[in-house]
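Raw contents of input00.cif, mmCIF, C-alpha atoms:
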data_work
#
loop_
_atom_site.group_PDB
_atom_site.id
_atom_site.type_symbol
_atom_site.label_atom_id
_atom_site.label_comp_id
_atom_site.auth_asym_id
_atom_site.auth_seq_id
_atom_site.Cartn_x
_atom_site.Cartn_y
_atom_site.Cartn_z
ATOM 1 C CA MET A 1 167.647 39.483 134.165
ATOM 2 C CA ALA A 2 169.150 42.443 132.365
ATOM 3 C CA ASN A 3 167.330 45.748 132.572
ATOM 4 C CA GLU A 4 166.984 45.944 128.793
ATOM 5 C CA ASN A 5 164.741 42.855 128.812
ATOM 6 C CA PHE A 6 162.141 44.600 130.981
ATOM 7 C CA THR A 7 159.000 46.036 129.391
ATOM 8 C CA ARG A 8 158.397 49.406 131.017
ATOM 9 C CA VAL A 9 154.882 49.973 132.322
ATOM 10 C CA THR A 10 153.057 52.934 130.757
ATOM 11 C CA GLU A 11 149.604 52.164 132.170
ATOM 12 C CA PHE A 12 148.045 50.194 135.011
ATOM 13 C CA ILE A 13 144.940 47.992 135.122
ATOM 14 C CA LEU A 14 142.701 48.277 138.211
ATOM 15 C CA THR A 15 140.893 45.103 139.295
ATOM 16 C CA GLY A 16 138.194 47.116 141.059
ATOM 17 C CA VAL A 17 136.138 46.299 144.148
ATOM 18 C CA SER A 18 134.961 43.025 142.604
ATOM 19 C CA GLU A 19 135.876 41.210 139.400
ATOM 20 C CA ARG A 20 132.499 39.458 139.096
ATOM 21 C CA PRO A 21 130.740 40.738 135.929
ATOM 22 C CA ASP A 22 127.235 40.311 137.416
ATOM 23 C CA LEU A 23 128.062 42.719 140.271
ATOM 24 C CA GLN A 24 129.392 45.623 138.223
ATOM 25 C CA ILE A 25 126.069 47.383 137.514
ATOM 26 C CA PRO A 26 124.621 46.907 141.036
ATOM 27 C CA LEU A 27 127.890 48.137 142.565
ATOM 28 C CA PHE A 28 127.885 51.110 140.195
ATOM 29 C CA PHE A 29 124.503 52.274 141.511
ATOM 30 C CA VAL A 30 125.450 51.598 145.148
ATOM 31 C CA PHE A 31 128.593 53.705 144.927
ATOM 32 C CA LEU A 32 126.869 56.342 142.779
ATOM 33 C CA VAL A 33 124.349 56.847 145.603
ATOM 34 C CA ILE A 34 127.163 56.933 148.190
ATOM 35 C CA TYR A 35 129.112 59.516 146.185
ATOM 36 C CA GLY A 36 125.958 61.562 145.534
ATOM 37 C CA LEU A 37 125.179 61.673 149.257
ATOM 38 C CA THR A 38 128.811 62.558 150.000
ATOM 39 C CA VAL A 39 128.768 65.494 147.581
ATOM 40 C CA THR A 40 125.360 66.719 148.778
ATOM 41 C CA GLY A 41 126.144 66.437 152.483
ATOM 42 C CA ASN A 42 129.598 67.986 152.381
ATOM 43 C CA LEU A 43 128.612 70.794 150.007
ATOM 44 C CA SER A 44 125.715 71.583 152.345
ATOM 45 C CA ILE A 45 128.089 71.862 155.301
ATOM 46 C CA ILE A 46 130.555 73.986 153.316
ATOM 47 C CA THR A 47 127.792 76.338 152.161
ATOM 48 C CA LEU A 48 126.003 76.703 155.488
ATOM 49 C CA THR A 49 129.145 77.274 157.560
ATOM 50 C CA ARG A 50 130.281 79.826 155.007
ATOM 51 C CA VAL A 51 127.136 81.930 154.601
ATOM 52 C CA ASP A 52 125.314 81.680 157.952
ATOM 53 C CA SER A 53 126.492 84.330 160.405
ATOM 54 C CA ARG A 54 125.548 82.157 163.403
ATOM 55 C CA LEU A 55 127.995 79.449 162.317
ATOM 56 C CA GLN A 56 131.067 81.683 162.210
ATOM 57 C CA THR A 57 132.843 80.008 165.127
ATOM 58 C CA PRO A 58 136.086 77.985 165.264
ATOM 59 C CA MET A 59 134.186 74.675 165.552
ATOM 60 C CA TYR A 60 132.242 75.269 162.341
ATOM 61 C CA PHE A 61 135.323 76.672 160.631
ATOM 62 C CA PHE A 62 137.076 73.336 161.207
ATOM 63 C CA LEU A 63 133.939 71.420 160.209
ATOM 64 C CA ARG A 64 133.918 73.290 156.910
ATOM 65 C CA HIS A 65 137.476 72.245 156.184
ATOM 66 C CA LEU A 66 136.751 68.666 157.217
ATOM 67 C CA ALA A 67 133.906 68.713 154.678
ATOM 68 C CA ILE A 68 136.271 70.098 152.010
ATOM 69 C CA ILE A 69 138.760 67.316 152.795
ATOM 70 C CA ASN A 70 136.058 64.616 152.725
ATOM 71 C CA LEU A 71 134.717 65.912 149.424
ATOM 72 C CA GLY A 72 138.216 66.029 147.940
ATOM 73 C CA ASN A 73 139.092 62.537 149.146
ATOM 74 C CA SER A 74 135.963 61.000 147.628
ATOM 75 C CA THR A 75 136.304 62.951 144.380
ATOM 76 C CA VAL A 76 139.864 61.729 143.876
ATOM 77 C CA ILE A 77 138.591 58.120 144.050
ATOM 78 C CA ALA A 78 134.898 57.848 143.135
ATOM 79 C CA PRO A 79 134.572 59.221 139.544
ATOM 80 C CA LYS A 80 137.277 56.920 138.133
ATOM 81 C CA MET A 81 135.907 54.042 140.175
ATOM 82 C CA LEU A 82 132.388 54.589 138.817
ATOM 83 C CA ILE A 83 133.648 54.708 135.223
ATOM 84 C CA ASN A 84 135.518 51.437 135.740
ATOM 85 C CA PHE A 85 132.279 49.678 136.723
ATOM 86 C CA LEU A 86 130.957 50.399 133.206
ATOM 87 C CA VAL A 87 133.988 49.607 131.029
ATOM 88 C CA LYS A 88 135.748 46.338 130.257
ATOM 89 C CA LYS A 89 139.318 47.631 130.350
ATOM 90 C CA ARG A 90 139.871 49.426 133.656
ATOM 91 C CA SER A 91 143.076 51.117 132.652
ATOM 92 C CA THR A 92 144.729 54.228 134.026
ATOM 93 C CA SER A 93 147.847 55.886 132.673
ATOM 94 C CA TYR A 94 151.104 55.930 134.631
ATOM 95 C CA TYR A 95 150.865 59.674 135.318
ATOM 96 C CA GLU A 96 147.122 59.575 136.044
ATOM 97 C CA CYS A 97 147.855 56.896 138.636
ATOM 98 C CA ALA A 98 150.605 59.047 140.184
ATOM 99 C CA ILE A 99 148.259 62.066 140.375
ATOM 100 C CA GLN A 100 145.500 59.983 141.958
ATOM 101 C CA LEU A 101 147.887 58.596 144.588
ATOM 102 C CA GLY A 102 149.223 62.077 145.329
ATOM 103 C CA GLY A 103 145.724 63.548 145.680
ATOM 104 C CA PHE A 104 144.563 60.688 147.866
ATOM 105 C CA LEU A 105 147.549 61.111 150.208
ATOM 106 C CA VAL A 106 146.987 64.876 150.500
ATOM 107 C CA PHE A 107 143.394 64.429 151.644
ATOM 108 C CA ILE A 108 143.828 61.337 153.825
ATOM 109 C CA VAL A 109 146.723 62.897 155.757
ATOM 110 C CA ALA A 110 144.798 66.163 156.024
ATOM 111 C CA GLU A 111 141.815 64.289 157.492
ATOM 112 C CA VAL A 112 144.009 62.577 160.090
ATOM 113 C CA LEU A 113 145.384 65.957 161.175
ATOM 114 C CA MET A 114 142.042 67.766 161.014
ATOM 115 C CA LEU A 115 140.443 65.228 163.353
ATOM 116 C CA ALA A 116 143.204 65.975 165.855
ATOM 117 C CA VAL A 117 142.695 69.736 165.445
ATOM 118 C CA MET A 118 138.945 69.349 165.966
ATOM 119 C CA ALA A 119 139.494 67.250 169.095
ATOM 120 C CA TYR A 120 141.781 69.945 170.487
ATOM 121 C CA ASP A 121 139.184 72.599 169.642
ATOM 122 C CA ARG A 122 136.523 70.685 171.613
ATOM 123 C CA TYR A 123 138.949 70.227 174.504
ATOM 124 C CA VAL A 124 139.529 73.979 174.771
ATOM 125 C CA ALA A 125 135.804 74.740 174.386
ATOM 126 C CA ILE A 126 134.681 72.324 177.118
ATOM 127 C CA CYS A 127 137.629 72.364 179.517
ATOM 128 C CA ASN A 128 138.611 76.055 179.223
ATOM 129 C CA PRO A 129 135.472 77.862 178.011
ATOM 130 C CA LEU A 130 136.524 81.286 179.335
ATOM 131 C CA LEU A 131 139.733 81.174 177.299
ATOM 132 C CA TYR A 132 138.177 79.591 174.212
ATOM 133 C CA MET A 133 137.939 82.636 171.951
ATOM 134 C CA ALA A 134 141.415 83.808 172.985
ATOM 135 C CA VAL A 135 143.090 80.430 172.432
ATOM 136 C CA MET A 136 141.160 79.605 169.255
ATOM 137 C CA SER A 137 141.375 83.033 167.642
ATOM 138 C CA ARG A 138 140.809 83.470 163.916
ATOM 139 C CA ARG A 139 144.562 83.777 163.392
ATOM 140 C CA ILE A 140 145.248 80.502 165.237
ATOM 141 C CA CYS A 141 142.469 78.723 163.340
ATOM 142 C CA LEU A 142 143.858 79.868 159.988
ATOM 143 C CA LEU A 143 147.343 78.829 161.067
ATOM 144 C CA LEU A 144 146.212 75.336 162.121
ATOM 145 C CA VAL A 145 144.332 74.755 158.868
ATOM 146 C CA SER A 146 147.181 76.134 156.731
ATOM 147 C CA LEU A 147 149.742 73.926 158.476
ATOM 148 C CA THR A 148 147.443 70.928 158.008
ATOM 149 C CA TYR A 149 147.260 71.440 154.239
ATOM 150 C CA LEU A 150 150.952 72.295 153.912
ATOM 151 C CA TYR A 151 152.108 69.256 155.863
ATOM 152 C CA SER A 152 149.702 66.998 153.921
ATOM 153 C CA PHE A 153 150.977 68.298 150.599
ATOM 154 C CA CYS A 154 154.622 67.793 151.603
ATOM 155 C CA THR A 155 153.903 64.281 152.893
ATOM 156 C CA SER A 156 152.109 63.428 149.658
ATOM 157 C CA ILE A 157 155.001 64.664 147.511
ATOM 158 C CA VAL A 158 157.606 62.672 149.460
ATOM 159 C CA THR A 159 155.562 59.455 149.647
ATOM 160 C CA SER A 160 154.227 59.396 146.076
ATOM 161 C CA SER A 161 157.658 60.330 144.702
ATOM 162 C CA SER A 162 159.254 57.411 146.550
ATOM 163 C CA VAL A 163 156.625 55.031 145.146
ATOM 164 C CA PHE A 164 156.913 56.217 141.544
ATOM 165 C CA CYS A 165 160.695 56.425 141.611
ATOM 166 C CA MET A 166 160.677 52.621 141.621
ATOM 167 C CA THR A 167 160.828 50.564 138.435
ATOM 168 C CA TYR A 168 157.631 48.950 137.180
ATOM 169 C CA CYS A 169 157.932 46.260 134.559
ATOM 170 C CA SER A 170 155.881 43.453 133.000
ATOM 171 C CA SER A 171 153.012 43.144 135.521
ATOM 172 C CA ASN A 172 150.728 46.185 135.613
ATOM 173 C CA VAL A 173 147.566 44.855 137.280
ATOM 174 C CA ILE A 174 146.817 46.753 140.501
ATOM 175 C CA ASN A 175 144.756 44.599 142.861
ATOM 176 C CA HIS A 176 142.678 47.536 144.059
ATOM 177 C CA PHE A 177 139.993 49.999 142.905
ATOM 178 C CA TYR A 178 142.389 52.985 142.946
ATOM 179 C CA CYS A 179 146.130 53.626 142.896
ATOM 180 C CA ASP A 180 147.365 53.056 146.437
ATOM 181 C CA THR A 181 150.809 52.524 147.933
ATOM 182 C CA VAL A 182 150.596 48.868 149.022
ATOM 183 C CA PRO A 183 149.351 47.334 145.721
ATOM 184 C CA LEU A 184 151.790 49.525 143.771
ATOM 185 C CA LEU A 185 154.706 48.315 145.897
ATOM 186 C CA ALA A 186 153.660 44.735 145.152
ATOM 187 C CA LEU A 187 154.097 45.385 141.403
ATOM 188 C CA SER A 188 157.569 46.893 141.511
ATOM 189 C CA CYS A 189 160.500 44.873 140.174
ATOM 190 C CA SER A 190 163.029 47.004 142.087
ATOM 191 C CA ASP A 191 163.977 47.134 145.769
ATOM 192 C CA THR A 192 160.995 48.421 147.776
ATOM 193 C CA SER A 193 162.670 48.674 151.189
ATOM 194 C CA VAL A 194 163.143 52.472 151.089
ATOM 195 C CA PRO A 195 159.580 53.375 149.970
ATOM 196 C CA GLU A 196 158.167 50.829 152.416
ATOM 197 C CA ALA A 197 160.134 52.452 155.247
ATOM 198 C CA ILE A 198 158.981 55.947 154.195
ATOM 199 C CA ILE A 199 155.333 54.850 154.038
ATOM 200 C CA TYR A 200 155.459 52.973 157.334
ATOM 201 C CA ILE A 201 157.250 55.740 159.244
ATOM 202 C CA SER A 202 155.009 58.466 157.795
ATOM 203 C CA ALA A 203 151.761 56.559 158.398
ATOM 204 C CA SER A 204 152.670 55.435 161.907
ATOM 205 C CA THR A 205 153.953 58.893 162.929
ATOM 206 C CA ASN A 206 150.862 60.671 161.606
ATOM 207 C CA LEU A 207 148.435 58.176 163.101
ATOM 208 C CA VAL A 208 150.086 57.862 166.500
ATOM 209 C CA SER A 209 150.567 61.618 167.015
ATOM 210 C CA SER A 210 147.002 62.331 165.879
ATOM 211 C CA MET A 211 145.527 59.556 168.017
ATOM 212 C CA ILE A 212 147.428 60.731 171.092
ATOM 213 C CA THR A 213 145.976 64.231 170.579
ATOM 214 C CA VAL A 214 142.456 62.865 170.117
ATOM 215 C CA VAL A 215 142.596 60.447 173.066
ATOM 216 C CA ALA A 216 144.161 63.017 175.416
ATOM 217 C CA SER A 217 141.608 65.660 174.380
ATOM 218 C CA TYR A 218 138.595 63.403 174.835
ATOM 219 C CA PHE A 219 139.944 61.983 178.102
ATOM 220 C CA ASN A 220 140.008 65.495 179.547
ATOM 221 C CA ILE A 221 136.628 66.258 177.981
ATOM 222 C CA VAL A 222 135.075 63.233 179.700
ATOM 223 C CA LEU A 223 136.573 64.273 183.040
ATOM 224 C CA SER A 224 135.084 67.752 182.609
ATOM 225 C CA ILE A 225 131.685 66.330 181.668
ATOM 226 C CA LEU A 226 131.651 64.121 184.753
ATOM 227 C CA ARG A 227 131.983 67.271 186.849
ATOM 228 C CA ILE A 228 128.730 68.676 185.387
ATOM 229 C CA ARG A 229 126.051 68.529 188.104
ATOM 230 C CA SER A 230 123.066 68.410 185.758
ATOM 231 C CA SER A 231 122.283 64.855 184.604
ATOM 232 C CA GLU A 232 120.620 66.239 181.471
ATOM 233 C CA GLY A 233 123.724 68.306 180.696
ATOM 234 C CA ARG A 234 125.973 65.270 181.143
ATOM 235 C CA LYS A 235 123.742 63.139 178.944
ATOM 236 C CA ARG A 236 123.718 65.729 176.159
ATOM 237 C CA ALA A 237 127.494 66.185 176.328
ATOM 238 C CA PHE A 238 128.185 62.440 176.405
ATOM 239 C CA SER A 239 125.913 61.964 173.378
ATOM 240 C CA THR A 240 127.975 64.486 171.402
ATOM 241 C CA CYS A 241 131.250 62.821 172.423
ATOM 242 C CA THR A 242 129.930 59.355 171.548
ATOM 243 C CA SER A 243 129.063 60.454 168.011
ATOM 244 C CA HIS A 244 132.457 62.047 167.506
ATOM 245 C CA MET A 245 134.368 59.111 168.952
ATOM 246 C CA THR A 246 132.412 56.586 166.882
ATOM 247 C CA ALA A 247 133.438 58.299 163.647
ATOM 248 C CA VAL A 248 137.015 58.760 164.848
ATOM 249 C CA SER A 249 137.283 55.110 165.933
ATOM 250 C CA VAL A 250 136.038 53.796 162.577
ATOM 251 C CA PHE A 251 138.380 56.092 160.656
ATOM 252 C CA TYR A 252 141.476 55.335 162.713
ATOM 253 C CA GLY A 253 140.638 51.648 162.940
ATOM 254 C CA THR A 254 140.511 51.202 159.174
ATOM 255 C CA LEU A 255 143.715 53.183 158.644
ATOM 256 C CA LEU A 256 145.575 51.228 161.327
ATOM 257 C CA PHE A 257 144.404 47.975 159.795
ATOM 258 C CA MET A 258 145.417 49.080 156.305
ATOM 259 C CA TYR A 259 148.868 50.567 156.880
ATOM 260 C CA LEU A 260 150.312 49.270 160.141
ATOM 261 C CA GLN A 261 150.154 45.541 159.522
ATOM 262 C CA PRO A 262 153.170 43.583 158.210
ATOM 263 C CA GLN A 263 153.382 43.343 154.442
ATOM 264 C CA THR A 264 153.477 39.522 154.610
ATOM 265 C CA SER A 265 150.070 39.287 156.294
ATOM 266 C CA HIS A 266 148.388 41.888 154.108
ATOM 267 C CA SER A 267 145.040 40.680 152.719
ATOM 268 C CA MET A 268 144.026 42.780 149.730
ATOM 269 C CA GLY A 269 140.392 41.678 149.966
ATOM 270 C CA ALA A 270 140.113 42.991 153.510
ATOM 271 C CA ALA A 271 142.188 46.042 152.575
ATOM 272 C CA LYS A 272 139.713 46.914 149.814
ATOM 273 C CA MET A 273 136.828 46.846 152.274
ATOM 274 C CA ALA A 274 138.774 49.038 154.691
ATOM 275 C CA SER A 275 139.562 51.432 151.837
ATOM 276 C CA VAL A 276 135.889 51.644 150.865
ATOM 277 C CA PHE A 277 135.152 52.788 154.414
ATOM 278 C CA TYR A 278 137.675 55.590 154.713
ATOM 279 C CA THR A 279 137.542 56.834 151.102
ATOM 280 C CA LEU A 280 133.786 56.651 150.453
ATOM 281 C CA VAL A 281 131.619 55.638 153.423
ATOM 282 C CA ILE A 282 133.140 57.823 156.162
ATOM 283 C CA PRO A 283 133.092 61.005 153.991
ATOM 284 C CA MET A 284 129.387 60.286 153.417
ATOM 285 C CA LEU A 285 128.699 59.790 157.144
ATOM 286 C CA ASN A 286 130.781 62.670 158.517
ATOM 287 C CA PRO A 287 128.313 65.459 157.623
ATOM 288 C CA MET A 288 125.604 63.612 159.579
ATOM 289 C CA ILE A 289 127.839 62.622 162.489
ATOM 290 C CA TYR A 290 129.561 65.973 162.946
ATOM 291 C CA SER A 291 127.021 68.478 161.722
ATOM 292 C CA LEU A 292 123.623 67.409 160.482
ATOM 293 C CA ARG A 293 122.684 66.099 163.940
ATOM 294 C CA ASN A 294 123.641 69.494 165.346
ATOM 295 C CA LYS A 295 120.761 71.825 166.243
ATOM 296 C CA ASP A 296 122.603 74.938 165.029
ATOM 297 C CA VAL A 297 123.291 73.421 161.623
ATOM 298 C CA LYS A 298 119.738 72.099 161.243
ATOM 299 C CA ALA A 299 118.372 75.535 162.147
ATOM 300 C CA ALA A 300 120.744 77.152 159.623
ATOM 301 C CA LEU A 301 119.581 74.691 156.958
ATOM 302 C CA LYS A 302 115.921 75.542 157.625
ATOM 303 C CA ARG A 303 116.677 79.264 157.427
ATOM 304 C CA PHE A 304 118.563 78.753 154.164
ATOM 305 C CA ILE A 305 115.726 76.725 152.606
ATOM 306 C CA ARG A 306 113.107 79.264 153.670
ATOM 307 C CA ASN A 307 115.061 82.366 152.625
ATOM 308 C CA PRO A 308 118.165 81.640 150.518
ATOM 309 C CA CYS A 309 118.253 85.232 149.244
ATOM 310 C CA CYS A 310 118.862 86.577 152.752
ATOM 311 C CA PHE A 311 122.217 84.821 153.047
#

Would you kindly transcribe this structure into structure tokens?
Amino acid sequence: MANENFTRVTEFILTGVSERPDLQIPLFFVFLVIYGLTVTGNLSIITLTRVDSRLQTPMYFFLRHLAIINLGNSTVIAPKMLINFLVKKRSTSYYECAIQLGGFLVFIVAEVLMLAVMAYDRYVAICNPLLYMAVMSRRICLLLVSLTYLYSFCTSIVTSSSVFCMTYCSSNVINHFYCDTVPLLALSCSDTSVPEAIIYISASTNLVSSMITVVASYFNIVLSILRIRSSEGRKRAFSTCTSHMTAVSVFYGTLLFMYLQPQTSHSMGAAKMASVFYTLVIPMLNPMIYSLRNKDVKAALKRFIRNPCCF
């Protein structure tokens, strides 16, 4: 077919989490609660680790940036998603879709890298405690966080540009609740081999390198914990590692399922559920898993509630 016969796409239609009309209002309230808890939890972590002098350590510095990333990731997705539960035409403009994809990629890549940075931080703290403050100096912490954001931004620009450099024509219905790479590739009427290669190489490289860092760090952490003579000390340390590894496993598991399976076997229904986990559920759970179960953070929260003017 000649190019002049194509109707260029100027907007996309999102199918949402479910197309059943009777589920739209219940789902709206479910995800409104999830997003509300995400905002409350992550803002609490950001505030406490910023204003409490006892939380000015590298671990809480990284936790603050993880909370910023989680809040950003959810905010890129949730508001538009919530609006679409209440309207009949779930449309989004071409450029709005591109911005949403770009923002999503910035925060999801940043989270992958930040989890690796946090695992390395715990490795140094537990395995080399005497060198901890020298290795994880303020300058090194700032450098690690800056490189995380810079790399994420560059990855987002390259990936989203490759997706939106393709031609979209006729069909504009995205089988998803936000603009993501896989459903967008399925709509293109041009050759998708180059963007598919970019997405696959980028996702696999980021995930594998991050997972290697996390696994190697926690492997050495476990070995160090096993050397602790006190059974109570080992139990407390193992409990902390279990919480961290549970969150990491869920996050990496959903991303691996979503991006590293062959395009031919890709189930969009299952992909939507995986996406709900790493864009909305995990950002809600992370404040509890990483911080709110922590005695220092709970003590800081009590101090803040009792005397907010002293901070």

Which residues come within 10 Å of segment 66-78 of chain A, counting all atoms listed in the file, excluding same-chain residues fewer than 5 positions away, as a PDB file with C-alpha atoms, in the coordinates of the input?
ATOM      1  CA  PHE A  31     128.593  53.705 144.927  1.00  0.00           C
ATOM      2  CA  LEU A  32     126.869  56.342 142.779  1.00  0.00           C
ATOM      3  CA  ILE A  34     127.163  56.933 148.190  1.00  0.00           C
ATOM      4  CA  TYR A  35     129.112  59.516 146.185  1.00  0.00           C
ATOM      5  CA  GLY A  36     125.958  61.562 145.534  1.00  0.00           C
ATOM      6  CA  THR A  38     128.811  62.558 150.000  1.00  0.00           C
ATOM      7  CA  VAL A  39     128.768  65.494 147.581  1.00  0.00           C
ATOM      8  CA  THR A  40     125.360  66.719 148.778  1.00  0.00           C
ATOM      9  CA  GLY A  41     126.144  66.437 152.483  1.00  0.00           C
ATOM     10  CA  ASN A  42     129.598  67.986 152.381  1.00  0.00           C
ATOM     11  CA  LEU A  43     128.612  70.794 150.007  1.00  0.00           C
ATOM     12  CA  SER A  44     125.715  71.583 152.345  1.00  0.00           C
ATOM     13  CA  ILE A  45     128.089  71.862 155.301  1.00  0.00           C
ATOM     14  CA  ILE A  46     130.555  73.986 153.316  1.00  0.00           C
ATOM     15  CA  TYR A  60     132.242  75.269 162.341  1.00  0.00           C
ATOM     16  CA  PHE A  61     135.323  76.672 160.631  1.00  0.00           C
ATOM     17  CA  ILE A  83     133.648  54.708 135.223  1.00  0.00           C
ATOM     18  CA  ASN A  84     135.518  51.437 135.740  1.00  0.00           C
ATOM     19  CA  ILE A  99     148.259  62.066 140.375  1.00  0.00           C
ATOM     20  CA  GLN A 100     145.500  59.983 141.958  1.00  0.00           C
ATOM     21  CA  LEU A 101     147.887  58.596 144.588  1.00  0.00           C
ATOM     22  CA  GLY A 102     149.223  62.077 145.329  1.00  0.00           C
ATOM     23  CA  GLY A 103     145.724  63.548 145.680  1.00  0.00           C
ATOM     24  CA  PHE A 104     144.563  60.688 147.866  1.00  0.00           C
ATOM     25  CA  LEU A 105     147.549  61.111 150.208  1.00  0.00           C
ATOM     26  CA  VAL A 106     146.987  64.876 150.500  1.00  0.00           C
ATOM     27  CA  PHE A 107     143.394  64.429 151.644  1.00  0.00           C
ATOM     28  CA  ILE A 108     143.828  61.337 153.825  1.00  0.00           C
ATOM     29  CA  VAL A 109     146.723  62.897 155.757  1.00  0.00           C
ATOM     30  CA  ALA A 110     144.798  66.163 156.024  1.00  0.00           C
ATOM     31  CA  GLU A 111     141.815  64.289 157.492  1.00  0.00           C
ATOM     32  CA  VAL A 112     144.009  62.577 160.090  1.00  0.00           C
ATOM     33  CA  LEU A 113     145.384  65.957 161.175  1.00  0.00           C
ATOM     34  CA  MET A 114     142.042  67.766 161.014  1.00  0.00           C
ATOM     35  CA  LEU A 115     140.443  65.228 163.353  1.00  0.00           C
ATOM     36  CA  MET A 118     138.945  69.349 165.966  1.00  0.00           C
ATOM     37  CA  VAL A 145     144.332  74.755 158.868  1.00  0.00           C
ATOM     38  CA  TYR A 149     147.260  71.440 154.239  1.00  0.00           C
ATOM     39  CA  PHE A 177     139.993  49.999 142.905  1.00  0.00           C
ATOM     40  CA  TYR A 178     142.389  52.985 142.946  1.00  0.00           C
ATOM     41  CA  CYS A 179     146.130  53.626 142.896  1.00  0.00           C
ATOM     42  CA  VAL A 276     135.889  51.644 150.865  1.00  0.00           C
ATOM     43  CA  TYR A 278     137.675  55.590 154.713  1.00  0.00           C
ATOM     44  CA  THR A 279     137.542  56.834 151.102  1.00  0.00           C
ATOM     45  CA  LEU A 280     133.786  56.651 150.453  1.00  0.00           C
ATOM     46  CA  VAL A 281     131.619  55.638 153.423  1.00  0.00           C
ATOM     47  CA  ILE A 282     133.140  57.823 156.162  1.00  0.00           C
ATOM     48  CA  PRO A 283     133.092  61.005 153.991  1.00  0.00           C
ATOM     49  CA  MET A 284     129.387  60.286 153.417  1.00  0.00           C
ATOM     50  CA  LEU A 285     128.699  59.790 157.144  1.00  0.00           C
ATOM     51  CA  ASN A 286     130.781  62.670 158.517  1.00  0.00           C
ATOM     52  CA  PRO A 287     128.313  65.459 157.623  1.00  0.00           C
ATOM     53  CA  TYR A 290     129.561  65.973 162.946  1.00  0.00           C
ATOM     54  CA  SER A 291     127.021  68.478 161.722  1.00  0.00           C
TER      55      SER A 291
END

Quick one: contact table of segment 143-215 of chain A to segment 89-97 of chain A, 10 Å max, nearest atom pair and distance in Å to one decimal per residue, counting only C-alpha atoms, chain and number order, as a tab-separated table?
residue	atom	partner	partner_atom	distance
A:Phe164	CA	A:Tyr94	CA	9.0
A:Tyr168	CA	A:Tyr94	CA	9.9
A:Asn172	CA	A:Ser91	CA	9.6
A:Val173	CA	A:Ser91	CA	9.0
A:Ile174	CA	A:Ser91	CA	9.7
A:Phe177	CA	A:Arg90	CA	9.3
A:Tyr178	CA	A:Cys97	CA	8.0
A:Cys179	CA	A:Cys97	CA	5.6
A:Asp180	CA	A:Cys97	CA	8.7
A:Leu184	CA	A:Cys97	CA	9.8

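Straight-line separation from atom CA of Ser18 of chain A to atom CA of His176 of chain A: 9.1 Å.
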
Report task. May I ask which of the residues A:Met59, A:Met211, A:Ile305, A:Cys189 is the closest one to Met133 of chain A, counting all atoms listed in the file? Result -> A:Met59

**Report entry** Selection: 10 Å around Ile25 of chain A, only C-alpha atoms, excl. self and same-chain fewer than 6 positions, as a ChimeraX atom specification
**Finding:** /A:82,85-86

**Report entry** Expansion of the PyMOL selection byres ((chain A and resi 185) around 10) into residues, as a ChimeraX atom specification
**Finding:** /A:163-164,166-168,174,180-184,186-193,195-196,263

So which residues are close to (129.5, 74.8, 156.7), meaning at most 6 Å away in the file's coordinates with only C-alpha atoms counted, and can you show them as a PDB file with C-alpha atoms, in the coordinates of the input?
ATOM      1  CA  ILE A  45     128.089  71.862 155.301  1.00  0.00           C
ATOM      2  CA  ILE A  46     130.555  73.986 153.316  1.00  0.00           C
ATOM      3  CA  THR A  47     127.792  76.338 152.161  1.00  0.00           C
ATOM      4  CA  LEU A  48     126.003  76.703 155.488  1.00  0.00           C
ATOM      5  CA  THR A  49     129.145  77.274 157.560  1.00  0.00           C
ATOM      6  CA  ARG A  50     130.281  79.826 155.007  1.00  0.00           C
ATOM      7  CA  ARG A  64     133.918  73.290 156.910  1.00  0.00           C
TER       8      ARG A  64
END

Please report as a tab-separated table every residue of segment 122-179 of chain A lying within 10 Å of segment 201-204 of chain A, along with the nearest atom pair and their distance in Å (one decimal), using all atoms listed in the file.
residue	atom	partner	partner_atom	distance
A:Thr155	CA	A:Ser202	CA	7.7
A:Ser156	CA	A:Ser202	CA	10.0
A:Val158	CA	A:Ser202	CA	9.7
A:Thr159	CA	A:Ser202	CA	8.2

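Counting from atom CA of Lys88 of chain A, the distance to atom CA of Val9 of chain A is 19.6 Å.
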
Query raised in the report: From the list A:Ile221, A:Val17, A:Ala271, A:Leu37, which residue is nearest Met288 of chain A when using only C-alpha atoms?
Result: A:Leu37

Query raised in the report: Between atom CA of Pro79 of chain A and atom CA of Phe251 of chain A, what is the distance, to one decimal in Å?
Result: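 Atom-to-atom, atom CA of Pro79 of chain A and atom CA of Phe251 of chain A are spaced 21.7 Å apart.
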
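Shortest separation to Ile212 of chain A among A:Tyr132, A:Phe304, A:Phe28, A:Tyr252 occurs at residue A:Tyr252, atoms counted being only C-alpha atoms.
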
Report task. Would you mind listing what lies within 12 Å of Phe219 of chain A as a list of chain:residue names, with only C-alpha atoms counted and same-chain residues fewer than 4 positions away left out? Result ->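 Listing them by chain and then by number gives A:Ala119, A:Tyr120, A:Arg122, A:Tyr123, A:Ile126, A:Cys127, A:Met211, A:Ile212, A:Thr213, A:Val214, A:Val215, A:Leu223, A:Ser224, A:Ile225, A:Leu226, A:Phe238, A:Cys241, A:Met245.
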
Coordinates of box centre and edge lengths for segment 300-306 of chain A, 8 Å on every side, axis-aligned, as AutoDock Vina command-line options:
--center_x 116.9 --center_y 77.0 --center_z 156.1 --size_x 23.6 --size_y 20.6 --size_z 23.0
